[in-house]
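Asks: Structure file final_29.cif (mmCIF, N, CA and C atoms and all ligand atoms) is given on the next line.
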```cif
data_work
loop_
_atom_site.label_atom_id
_atom_site.label_comp_id
_atom_site.auth_asym_id
_atom_site.auth_seq_id
_atom_site.Cartn_x
_atom_site.Cartn_y
_atom_site.Cartn_z
N MET A 799 0.83 -1.20 0.00
CA MET A 799 0.00 0.00 0.00
C MET A 799 0.85 1.24 0.00
N ALA A 800 0.32 2.29 -0.56
CA ALA A 800 1.04 3.56 -0.56
C ALA A 800 1.13 4.10 0.87
N ASP A 801 1.96 5.08 1.07
CA ASP A 801 2.10 5.68 2.39
C ASP A 801 1.04 6.74 2.64
N TYR A 802 0.11 6.86 1.71
CA TYR A 802 -0.92 7.88 1.85
C TYR A 802 -2.31 7.27 1.84
N ARG A 803 -3.20 7.80 2.65
CA ARG A 803 -4.62 7.48 2.54
C ARG A 803 -5.09 8.27 1.33
N LEU A 804 -5.67 7.53 0.37
CA LEU A 804 -6.05 8.16 -0.88
C LEU A 804 -7.48 8.68 -0.83
N CYS A 805 -7.73 9.68 -1.60
CA CYS A 805 -9.06 10.26 -1.73
C CYS A 805 -10.01 9.20 -2.29
N ASP A 806 -11.22 9.10 -1.72
CA ASP A 806 -12.16 8.08 -2.16
C ASP A 806 -12.90 8.47 -3.43
N VAL A 807 -12.64 9.66 -3.94
CA VAL A 807 -13.24 10.05 -5.22
C VAL A 807 -12.21 9.93 -6.35
N CYS A 808 -11.04 10.56 -6.19
CA CYS A 808 -10.10 10.64 -7.31
C CYS A 808 -8.85 9.78 -7.12
N ASP A 809 -8.71 9.13 -5.95
CA ASP A 809 -7.52 8.33 -5.65
C ASP A 809 -6.26 9.17 -5.55
N GLY A 810 -6.41 10.46 -5.41
CA GLY A 810 -5.26 11.33 -5.15
C GLY A 810 -4.88 11.26 -3.68
N LYS A 811 -3.72 11.78 -3.33
CA LYS A 811 -3.26 11.74 -1.94
C LYS A 811 -4.13 12.64 -1.07
N ALA A 812 -4.58 12.07 0.07
CA ALA A 812 -5.36 12.87 1.02
C ALA A 812 -4.51 13.23 2.24
N PHE A 813 -3.86 12.23 2.83
CA PHE A 813 -2.94 12.54 3.92
C PHE A 813 -1.96 11.39 4.11
N TYR A 814 -0.83 11.73 4.74
CA TYR A 814 0.23 10.77 4.99
C TYR A 814 -0.21 9.86 6.13
N ASP A 815 -0.30 8.55 5.87
CA ASP A 815 -0.86 7.66 6.89
C ASP A 815 0.12 6.57 7.31
N SER A 816 1.37 6.75 6.98
CA SER A 816 2.35 5.71 7.28
C SER A 816 2.52 5.48 8.78
N ASN A 817 2.16 6.47 9.58
CA ASN A 817 2.33 6.33 11.03
C ASN A 817 1.10 5.76 11.72
N LEU A 818 0.05 5.46 10.96
CA LEU A 818 -1.16 4.91 11.58
C LEU A 818 -0.97 3.42 11.86
N ASP A 819 -1.74 2.92 12.83
CA ASP A 819 -1.57 1.54 13.31
C ASP A 819 -2.43 0.56 12.51
N TYR A 820 -2.24 0.52 11.22
CA TYR A 820 -2.99 -0.44 10.42
C TYR A 820 -2.59 -1.86 10.79
N GLU A 821 -3.60 -2.74 10.88
CA GLU A 821 -3.34 -4.17 11.04
C GLU A 821 -4.11 -4.87 9.94
N PHE A 822 -3.44 -5.72 9.16
CA PHE A 822 -4.06 -6.26 7.96
C PHE A 822 -4.61 -7.67 8.16
N VAL A 823 -5.62 -8.03 7.36
CA VAL A 823 -6.22 -9.36 7.41
C VAL A 823 -5.14 -10.42 7.28
N GLY A 824 -5.21 -11.44 8.15
CA GLY A 824 -4.21 -12.50 8.09
C GLY A 824 -3.07 -12.28 9.06
N GLN A 825 -2.83 -11.00 9.43
CA GLN A 825 -1.80 -10.74 10.42
C GLN A 825 -2.34 -11.06 11.82
N SER A 826 -1.46 -11.17 12.77
CA SER A 826 -1.88 -11.35 14.15
C SER A 826 -1.91 -10.01 14.84
N SER A 827 -2.98 -9.78 15.61
CA SER A 827 -3.05 -8.54 16.37
C SER A 827 -2.09 -8.61 17.54
N CYS A 828 -1.96 -7.51 18.26
CA CYS A 828 -1.03 -7.51 19.39
C CYS A 828 -1.48 -8.49 20.46
N GLY A 829 -2.79 -8.85 20.49
CA GLY A 829 -3.27 -9.85 21.43
C GLY A 829 -3.00 -11.27 20.97
N GLY A 830 -2.46 -11.43 19.75
CA GLY A 830 -2.14 -12.74 19.22
C GLY A 830 -3.23 -13.37 18.38
N GLU A 831 -4.40 -12.70 18.29
CA GLU A 831 -5.49 -13.25 17.47
C GLU A 831 -5.31 -12.81 16.03
N LYS A 832 -5.70 -13.73 15.11
CA LYS A 832 -5.60 -13.39 13.70
C LYS A 832 -6.69 -12.39 13.32
N ILE A 833 -6.32 -11.41 12.53
CA ILE A 833 -7.27 -10.41 12.07
C ILE A 833 -8.15 -11.03 10.97
N THR A 834 -9.45 -10.95 11.13
CA THR A 834 -10.37 -11.48 10.13
C THR A 834 -11.10 -10.31 9.46
N PRO A 835 -11.74 -10.55 8.31
CA PRO A 835 -12.48 -9.46 7.67
C PRO A 835 -13.53 -8.84 8.58
N ASP A 836 -14.09 -9.63 9.50
CA ASP A 836 -15.09 -9.08 10.43
C ASP A 836 -14.52 -8.01 11.36
N ASP A 837 -13.22 -8.05 11.58
CA ASP A 837 -12.58 -7.08 12.46
C ASP A 837 -12.32 -5.76 11.75
N CYS A 838 -12.45 -5.78 10.43
CA CYS A 838 -11.87 -4.70 9.64
C CYS A 838 -12.79 -3.49 9.47
N THR A 839 -12.14 -2.39 9.21
CA THR A 839 -12.80 -1.12 8.94
C THR A 839 -13.49 -1.16 7.58
N ARG A 840 -14.69 -0.62 7.51
CA ARG A 840 -15.32 -0.45 6.19
C ARG A 840 -14.74 0.82 5.57
N VAL A 841 -14.71 0.82 4.25
CA VAL A 841 -14.22 1.98 3.53
C VAL A 841 -15.36 2.50 2.66
N VAL A 842 -15.84 3.70 2.98
CA VAL A 842 -17.00 4.29 2.31
C VAL A 842 -18.18 3.30 2.34
N GLY A 843 -18.36 2.65 3.49
CA GLY A 843 -19.49 1.76 3.68
C GLY A 843 -19.29 0.37 3.13
N GLU A 844 -18.20 0.14 2.41
CA GLU A 844 -17.96 -1.17 1.80
C GLU A 844 -17.15 -2.05 2.74
N PRO A 845 -17.63 -3.27 2.99
CA PRO A 845 -16.86 -4.17 3.83
C PRO A 845 -15.60 -4.64 3.12
N PRO A 846 -14.60 -5.07 3.90
CA PRO A 846 -13.36 -5.54 3.28
C PRO A 846 -13.58 -6.86 2.55
N THR A 847 -12.73 -7.17 1.62
CA THR A 847 -12.79 -8.47 0.96
C THR A 847 -12.04 -9.47 1.83
N GLU A 848 -12.14 -10.74 1.46
CA GLU A 848 -11.47 -11.78 2.21
C GLU A 848 -9.95 -11.61 2.14
N PHE A 849 -9.49 -10.98 1.08
CA PHE A 849 -8.05 -10.92 0.83
C PHE A 849 -7.42 -9.58 1.16
N PHE A 850 -8.25 -8.54 1.21
CA PHE A 850 -7.68 -7.26 1.60
C PHE A 850 -8.60 -6.52 2.53
N GLY A 851 -8.11 -6.25 3.70
CA GLY A 851 -8.85 -5.46 4.66
C GLY A 851 -7.89 -5.05 5.74
N TYR A 852 -8.27 -4.06 6.49
CA TYR A 852 -7.40 -3.64 7.60
C TYR A 852 -8.24 -3.17 8.77
N LYS A 853 -7.60 -3.28 9.91
CA LYS A 853 -8.18 -2.81 11.16
C LYS A 853 -7.39 -1.58 11.55
N LEU A 854 -8.06 -0.59 12.06
CA LEU A 854 -7.35 0.62 12.49
C LEU A 854 -7.95 1.05 13.83
N GLN A 855 -7.35 0.54 14.91
CA GLN A 855 -7.83 0.83 16.26
C GLN A 855 -9.35 0.61 16.36
N TYR A 856 -10.13 1.66 16.67
CA TYR A 856 -11.57 1.49 16.87
C TYR A 856 -12.38 1.99 15.69
N LEU A 857 -11.73 2.22 14.57
CA LEU A 857 -12.41 2.78 13.40
C LEU A 857 -13.35 1.76 12.77
N GLY A 858 -14.59 2.17 12.50
CA GLY A 858 -15.58 1.26 11.93
C GLY A 858 -15.81 1.48 10.45
N ASP A 859 -15.71 2.70 10.03
CA ASP A 859 -15.99 3.04 8.63
C ASP A 859 -15.43 4.44 8.41
N TRP A 860 -14.96 4.69 7.20
CA TRP A 860 -14.51 6.06 6.92
C TRP A 860 -14.54 6.36 5.43
N ALA A 861 -14.62 7.63 5.17
CA ALA A 861 -14.54 8.12 3.80
C ALA A 861 -13.67 9.37 3.84
N VAL A 862 -12.87 9.54 2.82
CA VAL A 862 -11.90 10.63 2.80
C VAL A 862 -11.98 11.37 1.47
N LEU A 863 -11.96 12.68 1.56
CA LEU A 863 -11.92 13.51 0.36
C LEU A 863 -10.65 14.35 0.39
N CYS A 864 -10.00 14.48 -0.74
CA CYS A 864 -8.87 15.41 -0.82
C CYS A 864 -9.42 16.83 -0.90
N LYS A 865 -8.55 17.81 -0.75
CA LYS A 865 -9.00 19.20 -0.74
C LYS A 865 -9.73 19.55 -2.02
N ASN A 866 -9.24 19.03 -3.12
CA ASN A 866 -9.82 19.38 -4.40
C ASN A 866 -11.24 18.81 -4.54
N CYS A 867 -11.41 17.53 -4.18
CA CYS A 867 -12.72 16.90 -4.31
C CYS A 867 -13.72 17.45 -3.29
N ALA A 868 -13.20 17.96 -2.15
CA ALA A 868 -14.09 18.53 -1.14
C ALA A 868 -14.77 19.81 -1.64
N LYS A 869 -14.27 20.37 -2.72
CA LYS A 869 -14.93 21.54 -3.31
C LYS A 869 -16.23 21.15 -3.98
N THR A 870 -16.33 19.89 -4.41
CA THR A 870 -17.51 19.46 -5.16
C THR A 870 -18.25 18.30 -4.51
N HIS A 871 -17.67 17.71 -3.45
CA HIS A 871 -18.28 16.56 -2.78
C HIS A 871 -18.27 16.79 -1.27
N LYS A 872 -19.09 15.98 -0.55
CA LYS A 872 -19.03 15.98 0.91
C LYS A 872 -19.27 14.57 1.42
N CYS A 873 -18.80 14.31 2.65
CA CYS A 873 -19.05 13.02 3.30
C CYS A 873 -20.40 13.11 4.00
N VAL A 874 -21.17 12.03 3.94
CA VAL A 874 -22.48 11.97 4.58
C VAL A 874 -22.55 10.70 5.40
N ILE A 875 -23.03 10.82 6.64
CA ILE A 875 -23.20 9.65 7.50
C ILE A 875 -24.68 9.39 7.68
N VAL A 876 -25.11 8.19 7.35
CA VAL A 876 -26.52 7.82 7.47
C VAL A 876 -26.63 6.48 8.19
N PRO A 877 -27.75 6.25 8.90
CA PRO A 877 -27.94 4.93 9.51
C PRO A 877 -27.94 3.84 8.44
N LEU A 878 -27.42 2.67 8.77
CA LEU A 878 -27.38 1.58 7.79
C LEU A 878 -28.77 1.23 7.27
N GLN A 879 -29.79 1.25 8.14
CA GLN A 879 -31.14 0.90 7.70
C GLN A 879 -31.62 1.83 6.61
N ASP A 880 -31.37 3.15 6.79
CA ASP A 880 -31.79 4.11 5.77
C ASP A 880 -31.08 3.85 4.46
N ALA A 881 -29.79 3.55 4.54
CA ALA A 881 -29.02 3.31 3.32
C ALA A 881 -29.57 2.11 2.59
N GLN A 882 -29.94 1.06 3.34
CA GLN A 882 -30.45 -0.15 2.71
C GLN A 882 -31.81 0.09 2.06
N SER A 883 -32.71 0.80 2.77
CA SER A 883 -34.03 1.04 2.18
C SER A 883 -33.89 1.91 0.93
N GLY A 884 -32.90 2.81 0.92
CA GLY A 884 -32.66 3.62 -0.26
C GLY A 884 -32.28 2.77 -1.45
N GLU A 885 -31.46 1.74 -1.19
CA GLU A 885 -31.05 0.86 -2.28
C GLU A 885 -32.24 0.05 -2.80
N GLU A 886 -33.14 -0.34 -1.89
CA GLU A 886 -34.31 -1.10 -2.32
C GLU A 886 -35.20 -0.27 -3.23
N LYS A 887 -35.35 1.01 -2.89
CA LYS A 887 -36.18 1.88 -3.72
C LYS A 887 -35.61 2.00 -5.14
N ARG A 888 -34.28 2.09 -5.19
CA ARG A 888 -33.65 2.23 -6.50
C ARG A 888 -33.85 0.97 -7.35
N GLY A 889 -33.79 -0.20 -6.66
CA GLY A 889 -33.90 -1.45 -7.41
C GLY A 889 -35.31 -1.75 -7.68
ZN ZN B 1 -9.91 13.73 -4.61
#
```
Starting from the coordinates I provided, produce the structure as structure tokens.
Ligand SMILES: [Zn+2]

Replies:
Amino acid sequence: MADYRLCDVCDGKAFYDSNLDYEFVGQSSCGGEKITPDDCTRVVGEPPTEFFGYKLQYLGDWAVLCKNCAKTHKCVIVPLQDAQSGEEKRG
């Protein structure tokens, strides 16, 4: 992985994240337990895949915008139930 958390819109650099405590799927946590996808942070609401995911302390989900994309986009937090019913309406 790059040393930067990338923007979730344009994949440009958002911030330097090399010092963050990422723990990746398949690795052992400091407690000795293997990290599973269930432990992992969602990215823009998407769960990790079986092969790539990471845990970052107590983070559950996040979305990141670079300065440029923040001029035209914003992050929105909604309850999961609302998001699901919205998808049903679309389908
Ligand atoms: Zn961007």

Asks: Need to verify the contact set: region 830-840 of chain A, 5 Å, only N, CA and C atoms, exclusion of same-chain residues closer than 6 positions in sequence. Can you return it as a VMD selection string?

Replies: chain A and resid 823 to 824 852 to 853 857 to 860

Asks: Mind writing the picked residues with N, CA and C atoms as a PDB file, in the frame of the given file?

Replies:
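Okay, this is what ended up in part16.pdb:
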```pdb
ATOM      1  N   VAL A 823      -5.620  -8.030   7.360  1.00  0.00           N
ATOM      2  CA  VAL A 823      -6.220  -9.360   7.410  1.00  0.00           C
ATOM      3  C   VAL A 823      -5.140 -10.420   7.280  1.00  0.00           C
ATOM      4  N   GLY A 824      -5.210 -11.440   8.150  1.00  0.00           N
ATOM      5  CA  GLY A 824      -4.210 -12.500   8.090  1.00  0.00           C
ATOM      6  C   GLY A 824      -3.070 -12.280   9.060  1.00  0.00           C
ATOM      7  N   TYR A 852      -8.270  -4.060   6.490  1.00  0.00           N
ATOM      8  CA  TYR A 852      -7.400  -3.640   7.600  1.00  0.00           C
ATOM      9  C   TYR A 852      -8.240  -3.170   8.770  1.00  0.00           C
ATOM     10  N   LYS A 853      -7.600  -3.280   9.910  1.00  0.00           N
ATOM     11  CA  LYS A 853      -8.180  -2.810  11.160  1.00  0.00           C
ATOM     12  C   LYS A 853      -7.390  -1.580  11.550  1.00  0.00           C
ATOM     13  N   LEU A 857     -11.730   2.220  14.570  1.00  0.00           N
ATOM     14  CA  LEU A 857     -12.410   2.780  13.400  1.00  0.00           C
ATOM     15  C   LEU A 857     -13.350   1.760  12.770  1.00  0.00           C
ATOM     16  N   GLY A 858     -14.590   2.170  12.500  1.00  0.00           N
ATOM     17  CA  GLY A 858     -15.580   1.260  11.930  1.00  0.00           C
ATOM     18  C   GLY A 858     -15.810   1.480  10.450  1.00  0.00           C
ATOM     19  N   ASP A 859     -15.710   2.700  10.030  1.00  0.00           N
ATOM     20  CA  ASP A 859     -15.990   3.040   8.630  1.00  0.00           C
ATOM     21  C   ASP A 859     -15.430   4.440   8.410  1.00  0.00           C
ATOM     22  N   TRP A 860     -14.960   4.690   7.200  1.00  0.00           N
ATOM     23  CA  TRP A 860     -14.510   6.060   6.920  1.00  0.00           C
ATOM     24  C   TRP A 860     -14.540   6.360   5.430  1.00  0.00           C
TER      25      TRP A 860
END
```

Asks: When DSSP is applied to the backbone of this structure, which of chain A are assigned alpha helix (DSSP H)? Write them out as an MDAnalysis selection string.

Replies: chainID A and resid 878:888

Asks: For ligand ZN 1 (chain B), return the neighbouring residues as a list in words (distance at most 8 Å; all atoms listed in the file).

Replies: Leu804, Cys805, Asp806, Val807, Cys808, Asp809, Gly810, Lys811, Ala812, Val862, Leu863, Cys864, Lys865, Asn866, Cys867 and Ala868 of chain A

Asks: Quick one, how far is atom N of Val876 (chain A) from atom C of Tyr820 (chain A)?

Replies: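 Computing the Euclidean distance for atom N of Val876 (chain A) and atom C of Tyr820 (chain A) yields 24.9 Å.
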
Asks: Where in region 815-876 of chain A does DSSP assign strand (DSSP E or B), given as a list in words?

Replies: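 Residues of region 815-876 of chain A classed as strand (DSSP E or B): Tyr820, Glu821, Phe822, Ser826, Lys832, Arg840, Val841, Glu844, Tyr852, Lys853, Leu854, Asp859 and Trp860 of chain A.
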
Asks: Print the selection's residues with N, CA and C atoms to a file, as a PDB file, in the frame of the given file.

Replies:
```pdb
ATOM      1  N   TYR A 820      -2.240   0.520  11.220  1.00  0.00           N
ATOM      2  CA  TYR A 820      -2.990  -0.440  10.420  1.00  0.00           C
ATOM      3  C   TYR A 820      -2.590  -1.860  10.790  1.00  0.00           C
ATOM      4  N   GLU A 821      -3.600  -2.740  10.880  1.00  0.00           N
ATOM      5  CA  GLU A 821      -3.340  -4.170  11.040  1.00  0.00           C
ATOM      6  C   GLU A 821      -4.110  -4.870   9.940  1.00  0.00           C
ATOM      7  N   PHE A 822      -3.440  -5.720   9.160  1.00  0.00           N
ATOM      8  CA  PHE A 822      -4.060  -6.260   7.960  1.00  0.00           C
ATOM      9  C   PHE A 822      -4.610  -7.670   8.160  1.00  0.00           C
ATOM     10  N   SER A 826      -1.460 -11.170  12.770  1.00  0.00           N
ATOM     11  CA  SER A 826      -1.880 -11.350  14.150  1.00  0.00           C
ATOM     12  C   SER A 826      -1.910 -10.010  14.840  1.00  0.00           C
ATOM     13  N   LYS A 832      -5.700 -13.730  15.110  1.00  0.00           N
ATOM     14  CA  LYS A 832      -5.600 -13.390  13.700  1.00  0.00           C
ATOM     15  C   LYS A 832      -6.690 -12.390  13.320  1.00  0.00           C
ATOM     16  N   ARG A 840     -14.690  -0.620   7.510  1.00  0.00           N
ATOM     17  CA  ARG A 840     -15.320  -0.450   6.190  1.00  0.00           C
ATOM     18  C   ARG A 840     -14.740   0.820   5.570  1.00  0.00           C
ATOM     19  N   VAL A 841     -14.710   0.820   4.250  1.00  0.00           N
ATOM     20  CA  VAL A 841     -14.220   1.980   3.530  1.00  0.00           C
ATOM     21  C   VAL A 841     -15.360   2.500   2.660  1.00  0.00           C
ATOM     22  N   GLU A 844     -18.200   0.140   2.410  1.00  0.00           N
ATOM     23  CA  GLU A 844     -17.960  -1.170   1.800  1.00  0.00           C
ATOM     24  C   GLU A 844     -17.150  -2.050   2.740  1.00  0.00           C
ATOM     25  N   TYR A 852      -8.270  -4.060   6.490  1.00  0.00           N
ATOM     26  CA  TYR A 852      -7.400  -3.640   7.600  1.00  0.00           C
ATOM     27  C   TYR A 852      -8.240  -3.170   8.770  1.00  0.00           C
ATOM     28  N   LYS A 853      -7.600  -3.280   9.910  1.00  0.00           N
ATOM     29  CA  LYS A 853      -8.180  -2.810  11.160  1.00  0.00           C
ATOM     30  C   LYS A 853      -7.390  -1.580  11.550  1.00  0.00           C
ATOM     31  N   LEU A 854      -8.060  -0.590  12.060  1.00  0.00           N
ATOM     32  CA  LEU A 854      -7.350   0.620  12.490  1.00  0.00           C
ATOM     33  C   LEU A 854      -7.950   1.050  13.830  1.00  0.00           C
ATOM     34  N   ASP A 859     -15.710   2.700  10.030  1.00  0.00           N
ATOM     35  CA  ASP A 859     -15.990   3.040   8.630  1.00  0.00           C
ATOM     36  C   ASP A 859     -15.430   4.440   8.410  1.00  0.00           C
ATOM     37  N   TRP A 860     -14.960   4.690   7.200  1.00  0.00           N
ATOM     38  CA  TRP A 860     -14.510   6.060   6.920  1.00  0.00           C
ATOM     39  C   TRP A 860     -14.540   6.360   5.430  1.00  0.00           C
TER      40      TRP A 860
END
```

Asks: If I take atom N of Tyr802 (chain A) and atom N of Phe850 (chain A), how far is one from the other in Å, to one decimal?

Replies: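 Here the two named atoms are 17.5 Å from each other.
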
Asks: So how many Å separate CA of His871 (chain A) and CA of Asp819 (chain A), to one decimal?

Replies: 27.6 Å

Asks: If I put a ball of radius 9 Å at (-21.8, 6.7, -1.0) in the file's coordinates, which residues poke into it when counting only C-alpha atoms, written as a CSV table (one decimal) with N, CA and C atoms, in the coordinates of the input?

Replies:
```csv
chain,number,residue,atom,x,y,z
A,842,VAL,N,-15.8,3.7,3.0
A,842,VAL,CA,-17.0,4.3,2.3
A,842,VAL,C,-18.2,3.3,2.3
A,843,GLY,N,-18.4,2.6,3.5
A,843,GLY,CA,-19.5,1.8,3.7
A,843,GLY,C,-19.3,0.4,3.1
A,861,ALA,N,-14.6,7.6,5.2
A,861,ALA,CA,-14.5,8.1,3.8
A,861,ALA,C,-13.7,9.4,3.8
A,873,CYS,N,-18.8,14.3,2.6
A,873,CYS,CA,-19.0,13.0,3.3
A,873,CYS,C,-20.4,13.1,4.0
A,874,VAL,N,-21.2,12.0,3.9
A,874,VAL,CA,-22.5,12.0,4.6
A,874,VAL,C,-22.6,10.7,5.4
```

Asks: Using only C-alpha atoms, which of A:Asn817, A:Phe822, A:Leu878, A:Thr870 sits nearest Glu848 (chain A)?

Replies: A:Phe822

Asks: Between A:Asp801, A:Pro845, A:Pro877, A:Gln855, which residue has the minimum interatomic distance to Glu821 (chain A), considering all atoms listed in the file?

Replies: A:Gln855
